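First the structure, in the form of structure tokens, and then the observations on it.
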Amino acid sequence: MTTSSEDVLLQVPQVRYKKGDGTLFLMDQRLIWMVENRDTVAVSHSYADIKSQKISPEGKVKVQLQVVLHNGVSSTFHFTNRNGLQAQLADRDKVKEMLQTLLPKFKRKVDRELEEKNKLLSSNPALLQLYKDLVMTEVVTSEEFWVQHASQYTQKQKQQPQDIGVSGAFLADIKPQTDGCNGLKYNITPDIIECIFKTYPAVKKKYVENVPTKLSESQFWTKFFQSHYFHRDRKYAESKDLFTECGKIDDQEMKRDIQTGVDDPLVNITEFEDKTLDEGYGVANEKTNVTSGTVSQAMIKRFNQHSIMVLKATKKQENSEAEAKNVPKQNGNVSEEKPDDGHVAKKQRIQSKITYEDLDSPSASSSGGPSLSLSKVERYLHGPMPDSNVEQLNPNEASSVLRGVLQETRQWQSRHPSTSLVTPAAAVGALGELSPGGALMRGFQEQSLAQLVPADIENEVRNLYLALCELLSHFWKCFPPSTPTMEQKAVKMHEALHRYHTAKLKPFEDKLIRELSPLSHHLTKHLNQLLNAAYQKFSNWQKIKNR
Amino acid sequence: MVDEEEQKEYRWETGYEKTWEAIKEDDDGFLEASVADIIQRAKRKRQAQKQGNSKLGMMRHLYVILDCSDSMSSQDLKPTRLLCTVKIMENFIEEFFDQNPISQMGIIIMHNKRAEKISDLAGNARKHIKAINNLKQTSLIGEPSLQNSLEMALRALKLLPSHASREILVVMGSLTTCDPGDINTTILNLKSEGVRCSVIGLAAEVHVCRRLANETGGLYNVILDDCHFKDLLYQQVDPPPAALTLESNLIKMGFPHQMSVEGTEEPLTMCMCHVDSTDEGSKLNTGGYYCPQCYSKYCELPVECRACGLTLVSAPHLARSYHHLFPAANYDEITYENQTLICFACQKNFSETDKQVYRCPNCTKIFCINCDIFVHDILHTCPGCATNLSTFQIAHNTTQ
């Protein structure tokens, strides 16, 4: 634990610890005490481990300072300055003050993790129960618990928030509300802020520069909405606003975009021409100049700009990803193929735009997927046939059986309505067997037995099942073990199951025997069965492995 | 033109039919009857196309993506699109698990440009129905994001083993989608992972949805009214043809039994399916199914064992999937010429109004139209073939 260069912040000689004289050093990461005249460090506590410090009350002869660690260990230092009580008090106070300033810096890291864990436990009662059952009884260690069993809960928090798209109307949707006295209130959510940053990177830059150093967040947004940048008439040449620069940057971008032009010949509107005259005739068209300056021109320009920026906002991400993938492919060939590709691609694209699949005649329907090849279909239609227990009746026997049946059924018509009843004793016996608790009504007995079980015992049984289910799911996941780590995990889980058996199950059984003797066997039979099945699997696996 | 005039007859002579009257309004001016007719005809066409002997993806893992944006509060489906969808979805979920007992379903909603998973992949119908019912309370705001929800479903479907069929069904009420990136890359990803996406549109046809369905091999339809919606949704209940990336594997399954030993009493045990649920915890009782590998108890099947991960089913569940592989033969429609007096299945007398009767190609018995629909939709066995010893349990050769 030695850092390469430790600064000694405070050195206090004549401090006793456990009946030995020595010197107390306060370093920047930890606190150490060395025995007098020796160079070895006897006691070392890092500030992160220290939970709190205590001082002996005023008026006591012994001036002491106790340091309590998170794990409960405490060390007491006795200040024995030979110059008297005052000096001792002064020493101790110096140490105390120094610790008070240092400890909070280290405390925060450890606490946050614990806080998170506490929050998780308090919000999930099932998890809390599992924790109590498994960790408190030392069936599973605390780290294992958090890594294995609580992993799905901890991961939920780490999920990345989703990226959202920019809808074209996001600025228009921020409807301002009048607040009575000639003012407007704009409500913006974090979503809208994210959209603004994505679409107008210049605004994002300004935000990063000014908040929170020069302006507060609400002031920034107020200025944003007030500035002419946001409003329709962008005569920003005169006003000196935070956002005039943004306007200029946007204009420059637009000019650059117009100059690069559009690659795709099918979409490039400026190149579209209707030529009614053949080559060699007519005069070349003159491109009219667009006069700028009217209000409608400015508005159209703003609309176009807004649309371009919204589209660009989504494209930026894609480009950076695509570039990363294309870098290794840089050959000279790529650029040579382009002109040929362009031609073929253009033809294909025009072709695809003029054909509609729906209007084509339905093609001879494809067989809709791979066909099933079954070798013996009858096997699917019958159950498993026993080997040859079929009795073969020859036709003579069959007809004699048939004759016998016909004779029997003819006699049925001559039966007179039966007036002979069952004997009373037999009737009562049958009634008894069919009422709840009788020989033929097995199920009810157990249901009534279940009601005899008090609710808290039932809860305990449920918690036992919960903990066991958790352990078993990890145990069975290791089979069949394909890697050495899985084998080790299987062994560890097996041991954990044994520990669970002794730590939780047996005491519960004993408790039941003492309190409710008739039920004890019933309630835990199934739990034992579950455990035995797991033990059996493990021992089988061991046997196979050792063969 | 001249020829036609010569053949012209007056309508009162019922000489010719006006073909534009195929879609008719009935007395009250509604088009319902004609829509029902369209549905019926489409159904018969689908039935005729069904053939046995094709490989199907039967262990289906389906993600249903529902649109919960503000276009779903429109009232063109009564009372609102969302409530109508919820109602029809409940029935669909039950029917789905009825016909595909070894499948799993999950539900995602598109809400305020984000996707939210409201129900994980599971084989329990009740849980999903409960989650869907809770949707009635969600507020419908914002625009849907098709890409986010497809990505979320894909992330979960990627982890599945290769013998499972991966499907997504999108119910899209809005005409727009607001995505953070290029949806074409998402479509390519779905195609390479072999996920079959179908879309049901509630408003109009959208090019992106058409591309999505075509590229991944799914179906895309736009509804006409709520009956049509139900029909389109139920189309998805039948297992689709197997994707090319589907591998055939041996799958381990457990067939649990009740643990009753003669003579001794059954022990009181607790089930594992409710052991950690907060509202109704497990109770001690005697009935239930025990996993053959680890002996944990479950209240209902089919289920995946929580302790050992084994899929537990009962034989009837698997048998219920058979009729997809070996469907009952399609009946031929023939005109009634007094071949028999009664329908073989329901024994009703054929009368003047029955112009078409149906004959089974295997056992050549005659059936009426209602029995034809009943046999093919619900029963899946031809009564003529089943009661005839010589044709019983012979695989139908339906190579067409």
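Each chain in the structure tokens gets a letter, A, B and so on, in the order shown; residues start at 1 in every chain, and ligands are counted from 1 in the order they appear.
Within 6 Å of chain A, counting only C-alpha atoms, chain B contributes Asn53, Ser54, Lys55, Lys113, Cys178, Asp179, Pro180, Gly181, Pro241, Pro267, Leu268, Val275, Cys294, Tyr295, Ala307 and Cys308 of chain B.
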Selected residues written out, N, CA, C and O atoms, as a short mmCIF file (atom, residue, chain, number, x, y, z; two decimals), in the first residue's frame:
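The result, written out as again_30.cif:
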```cif
data_model
loop_
_atom_site.label_atom_id
_atom_site.label_comp_id
_atom_site.auth_asym_id
_atom_site.auth_seq_id
_atom_site.Cartn_x
_atom_site.Cartn_y
_atom_site.Cartn_z
N ASN B 53 -46.36 -30.14 -45.87
CA ASN B 53 -45.05 -30.49 -46.37
C ASN B 53 -44.10 -29.32 -46.54
O ASN B 53 -43.20 -29.36 -47.36
N SER B 54 -44.30 -28.26 -45.77
CA SER B 54 -43.28 -27.22 -45.80
C SER B 54 -42.77 -27.04 -44.38
O SER B 54 -43.48 -27.27 -43.42
N LYS B 55 -41.51 -26.63 -44.29
CA LYS B 55 -40.88 -26.51 -42.99
C LYS B 55 -41.39 -25.24 -42.33
O LYS B 55 -41.37 -24.18 -42.93
N LYS B 113 -40.92 9.18 -28.88
CA LYS B 113 -39.63 8.96 -29.54
C LYS B 113 -38.74 7.92 -28.87
O LYS B 113 -37.57 7.81 -29.19
N CYS B 178 -39.82 9.11 -36.00
CA CYS B 178 -38.75 10.05 -35.71
C CYS B 178 -37.57 9.27 -35.16
O CYS B 178 -37.57 8.85 -34.02
N ASP B 179 -36.56 9.05 -35.98
CA ASP B 179 -35.48 8.16 -35.60
C ASP B 179 -34.16 8.88 -35.42
O ASP B 179 -33.89 9.84 -36.12
N PRO B 180 -33.32 8.37 -34.52
CA PRO B 180 -32.01 9.01 -34.34
C PRO B 180 -31.00 8.71 -35.41
O PRO B 180 -29.94 9.30 -35.45
N GLY B 181 -31.25 7.77 -36.26
CA GLY B 181 -30.24 7.44 -37.27
C GLY B 181 -30.91 6.94 -38.53
O GLY B 181 -32.10 7.14 -38.74
N PRO B 241 -43.43 -19.81 -42.66
CA PRO B 241 -42.44 -20.75 -43.16
C PRO B 241 -41.09 -20.48 -42.52
O PRO B 241 -40.78 -19.34 -42.18
N PRO B 267 -47.21 -34.91 -0.36
CA PRO B 267 -46.67 -33.88 0.53
C PRO B 267 -47.19 -32.50 0.12
O PRO B 267 -47.60 -32.30 -1.01
N LEU B 268 -47.14 -31.61 1.09
CA LEU B 268 -47.51 -30.23 0.81
C LEU B 268 -46.31 -29.53 0.22
O LEU B 268 -45.24 -29.55 0.78
N VAL B 275 -43.18 -17.88 -6.45
CA VAL B 275 -42.44 -17.77 -5.20
C VAL B 275 -41.94 -16.36 -4.94
O VAL B 275 -41.72 -15.98 -3.81
N CYS B 294 -35.29 -31.53 -11.81
CA CYS B 294 -34.91 -30.97 -10.51
C CYS B 294 -36.05 -30.99 -9.50
O CYS B 294 -35.85 -30.57 -8.37
N TYR B 295 -37.20 -31.46 -9.86
CA TYR B 295 -38.33 -31.61 -8.95
C TYR B 295 -38.96 -30.33 -8.46
O TYR B 295 -39.70 -30.35 -7.48
N ALA B 307 -35.36 -23.29 -12.02
CA ALA B 307 -34.14 -23.80 -11.40
C ALA B 307 -33.21 -24.41 -12.43
O ALA B 307 -32.02 -24.13 -12.43
N CYS B 308 -33.72 -25.28 -13.31
CA CYS B 308 -32.81 -25.96 -14.20
C CYS B 308 -32.94 -25.55 -15.65
O CYS B 308 -32.23 -26.05 -16.50
#
```
Next on the checklist: Just list as a VMD selection string whatever in range 144-295 of chain B DSSP marks as alpha helix (DSSP H).
Outcome noted: chain B and resid 146 to 158 183 to 193 207 to 216 226 to 235
Next on the checklist: Please report the interatomic distance between CA of Leu102 in chain A and CA of Ala48 in chain A in Å with one decimal.
Outcome noted: 9.6 Å
Next on the checklist: Based on the backbone DSSP call, show me all residues of range 68-305 of chain B assigned strand (DSSP E), as number ranges by chain.
Outcome noted: B: 104-111, 114-122, 165-172, 196-201, 220-222, 253-254, 289-290, 297-298, 303-304
Store the residues picked out above in a file with N, CA and C atoms, as a short mmCIF file (atom, residue, chain, number, x, y, z; two decimals), in the first residue's frame.
```cif
data_model
loop_
_atom_site.label_atom_id
_atom_site.label_comp_id
_atom_site.auth_asym_id
_atom_site.auth_seq_id
_atom_site.Cartn_x
_atom_site.Cartn_y
_atom_site.Cartn_z
N GLN B 104 -43.02 -18.03 -27.37
CA GLN B 104 -42.91 -16.97 -26.37
C GLN B 104 -43.19 -15.64 -27.03
N MET B 105 -43.68 -14.73 -26.22
CA MET B 105 -44.03 -13.41 -26.77
C MET B 105 -43.54 -12.32 -25.83
N GLY B 106 -43.19 -11.17 -26.42
CA GLY B 106 -42.81 -10.03 -25.61
C GLY B 106 -43.48 -8.80 -26.17
N ILE B 107 -43.63 -7.74 -25.37
CA ILE B 107 -44.35 -6.55 -25.85
C ILE B 107 -43.52 -5.30 -25.61
N ILE B 108 -43.45 -4.47 -26.65
CA ILE B 108 -42.71 -3.20 -26.58
C ILE B 108 -43.66 -2.11 -27.05
N ILE B 109 -43.57 -0.92 -26.44
CA ILE B 109 -44.39 0.17 -26.96
C ILE B 109 -43.51 1.31 -27.44
N MET B 110 -44.04 2.04 -28.42
CA MET B 110 -43.31 3.19 -28.97
C MET B 110 -43.98 4.45 -28.44
N HIS B 111 -43.19 5.25 -27.76
CA HIS B 111 -43.81 6.27 -26.95
C HIS B 111 -42.87 7.45 -26.86
N ARG B 114 -39.28 7.18 -27.93
CA ARG B 114 -38.48 6.16 -27.29
C ARG B 114 -39.24 4.85 -27.33
N ALA B 115 -38.51 3.77 -27.09
CA ALA B 115 -39.15 2.46 -27.00
C ALA B 115 -39.10 1.99 -25.56
N GLU B 116 -40.14 1.33 -25.12
CA GLU B 116 -40.19 0.86 -23.73
C GLU B 116 -40.69 -0.57 -23.75
N LYS B 117 -39.98 -1.43 -23.00
CA LYS B 117 -40.40 -2.82 -22.99
C LYS B 117 -41.36 -2.99 -21.83
N ILE B 118 -42.59 -3.36 -22.11
CA ILE B 118 -43.52 -3.52 -20.98
C ILE B 118 -43.71 -4.98 -20.59
N SER B 119 -43.21 -5.89 -21.40
CA SER B 119 -43.35 -7.29 -21.02
C SER B 119 -42.23 -8.08 -21.68
N ASP B 120 -41.49 -8.82 -20.87
CA ASP B 120 -40.38 -9.58 -21.42
C ASP B 120 -40.86 -10.82 -22.14
N LEU B 121 -39.95 -11.45 -22.89
CA LEU B 121 -40.28 -12.69 -23.60
C LEU B 121 -40.67 -13.77 -22.60
N ALA B 122 -41.90 -14.24 -22.71
CA ALA B 122 -42.34 -15.28 -21.78
C ALA B 122 -43.46 -16.06 -22.44
N SER B 165 -37.54 -19.46 -34.04
CA SER B 165 -37.90 -18.55 -35.12
C SER B 165 -38.11 -17.17 -34.52
N ARG B 166 -37.50 -16.14 -35.15
CA ARG B 166 -37.52 -14.80 -34.56
C ARG B 166 -38.45 -13.93 -35.37
N GLU B 167 -39.41 -13.34 -34.71
CA GLU B 167 -40.38 -12.52 -35.43
C GLU B 167 -40.69 -11.23 -34.69
N ILE B 168 -41.07 -10.25 -35.47
CA ILE B 168 -41.51 -8.97 -34.89
C ILE B 168 -42.82 -8.58 -35.59
N LEU B 169 -43.77 -8.10 -34.82
CA LEU B 169 -45.02 -7.62 -35.41
C LEU B 169 -45.21 -6.18 -34.95
N VAL B 170 -45.33 -5.26 -35.91
CA VAL B 170 -45.47 -3.84 -35.57
C VAL B 170 -46.89 -3.40 -35.87
N VAL B 171 -47.55 -2.78 -34.91
CA VAL B 171 -48.86 -2.18 -35.16
C VAL B 171 -48.65 -0.68 -35.18
N MET B 172 -48.74 -0.10 -36.37
CA MET B 172 -48.30 1.28 -36.55
C MET B 172 -49.48 2.16 -36.87
N ARG B 196 -38.06 -11.93 -38.98
CA ARG B 196 -39.14 -11.68 -39.93
C ARG B 196 -40.06 -10.60 -39.35
N CYS B 197 -40.12 -9.43 -40.00
CA CYS B 197 -40.92 -8.33 -39.47
C CYS B 197 -42.18 -8.17 -40.28
N SER B 198 -43.32 -8.17 -39.62
CA SER B 198 -44.59 -7.88 -40.29
C SER B 198 -45.13 -6.59 -39.71
N VAL B 199 -45.87 -5.85 -40.53
CA VAL B 199 -46.40 -4.57 -40.06
C VAL B 199 -47.89 -4.53 -40.36
N ILE B 200 -48.66 -4.03 -39.42
CA ILE B 200 -50.08 -3.76 -39.69
C ILE B 200 -50.26 -2.26 -39.54
N GLY B 201 -50.63 -1.59 -40.62
CA GLY B 201 -50.80 -0.15 -40.55
C GLY B 201 -52.25 0.19 -40.27
N TYR B 220 -47.20 -6.97 -44.96
CA TYR B 220 -47.59 -5.61 -44.64
C TYR B 220 -48.99 -5.39 -45.16
N ASN B 221 -49.87 -4.96 -44.28
CA ASN B 221 -51.25 -4.69 -44.69
C ASN B 221 -51.75 -3.47 -43.96
N VAL B 222 -52.69 -2.79 -44.59
CA VAL B 222 -53.32 -1.64 -43.93
C VAL B 222 -54.78 -1.98 -43.72
N MET B 253 -36.71 -31.40 -23.82
CA MET B 253 -37.94 -30.95 -23.17
C MET B 253 -38.31 -31.91 -22.07
N GLY B 254 -39.00 -31.40 -21.06
CA GLY B 254 -39.41 -32.27 -19.98
C GLY B 254 -40.92 -32.44 -20.00
N TYR B 289 -47.32 -29.69 -11.12
CA TYR B 289 -46.46 -30.49 -11.99
C TYR B 289 -45.03 -30.39 -11.51
N TYR B 290 -44.33 -31.52 -11.46
CA TYR B 290 -42.97 -31.53 -10.95
C TYR B 290 -41.99 -31.72 -12.10
N LYS B 297 -41.77 -27.45 -8.48
CA LYS B 297 -43.18 -27.60 -8.83
C LYS B 297 -43.70 -26.37 -9.56
N TYR B 298 -44.58 -26.58 -10.51
CA TYR B 298 -45.19 -25.47 -11.23
C TYR B 298 -46.68 -25.65 -11.31
N VAL B 303 -44.08 -24.08 -19.38
CA VAL B 303 -43.32 -23.14 -18.58
C VAL B 303 -41.83 -23.51 -18.72
N GLU B 304 -40.97 -22.54 -18.43
CA GLU B 304 -39.56 -22.87 -18.42
C GLU B 304 -39.12 -22.96 -16.98
#
```
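If you look at CA of Leu83 in chain B and CA of Tyr63 in chain B, they are 19.7 Å away from each other.
Our summary of the geometry notes that CA of Leu160 in chain B is positioned 23.2 Å from CA of Asn214 in chain B.
Minimum atom-to-atom distance to Gly142 in chain B, evaluated using only C-alpha atoms, belongs to A:Ala169 out of A:Ala169, A:Lys506, A:Arg30, A:Ser44.
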Checklist entry - Can you list, as a ChimeraX atom specification, every protein, DNA or RNA residue that comes within 7 Å of Ile366 in chain B when you count only C-alpha atoms, leaving out same-chain residues fewer than 5 positions away? => result /B:343-344,357-360
Next on the checklist: List the spatial neighbours of range 250-260 of chain A as a list in words - criterion: any atom at most 10 Å away, only C-alpha atoms, same-chain residues fewer than 4 positions off excluded.
Outcome noted: Tyr200, Pro201, Ala202, Thr244, Glu245, Cys246, Lys301, Asn304, Gln305, His306, Ile308 and Met309 of chain A
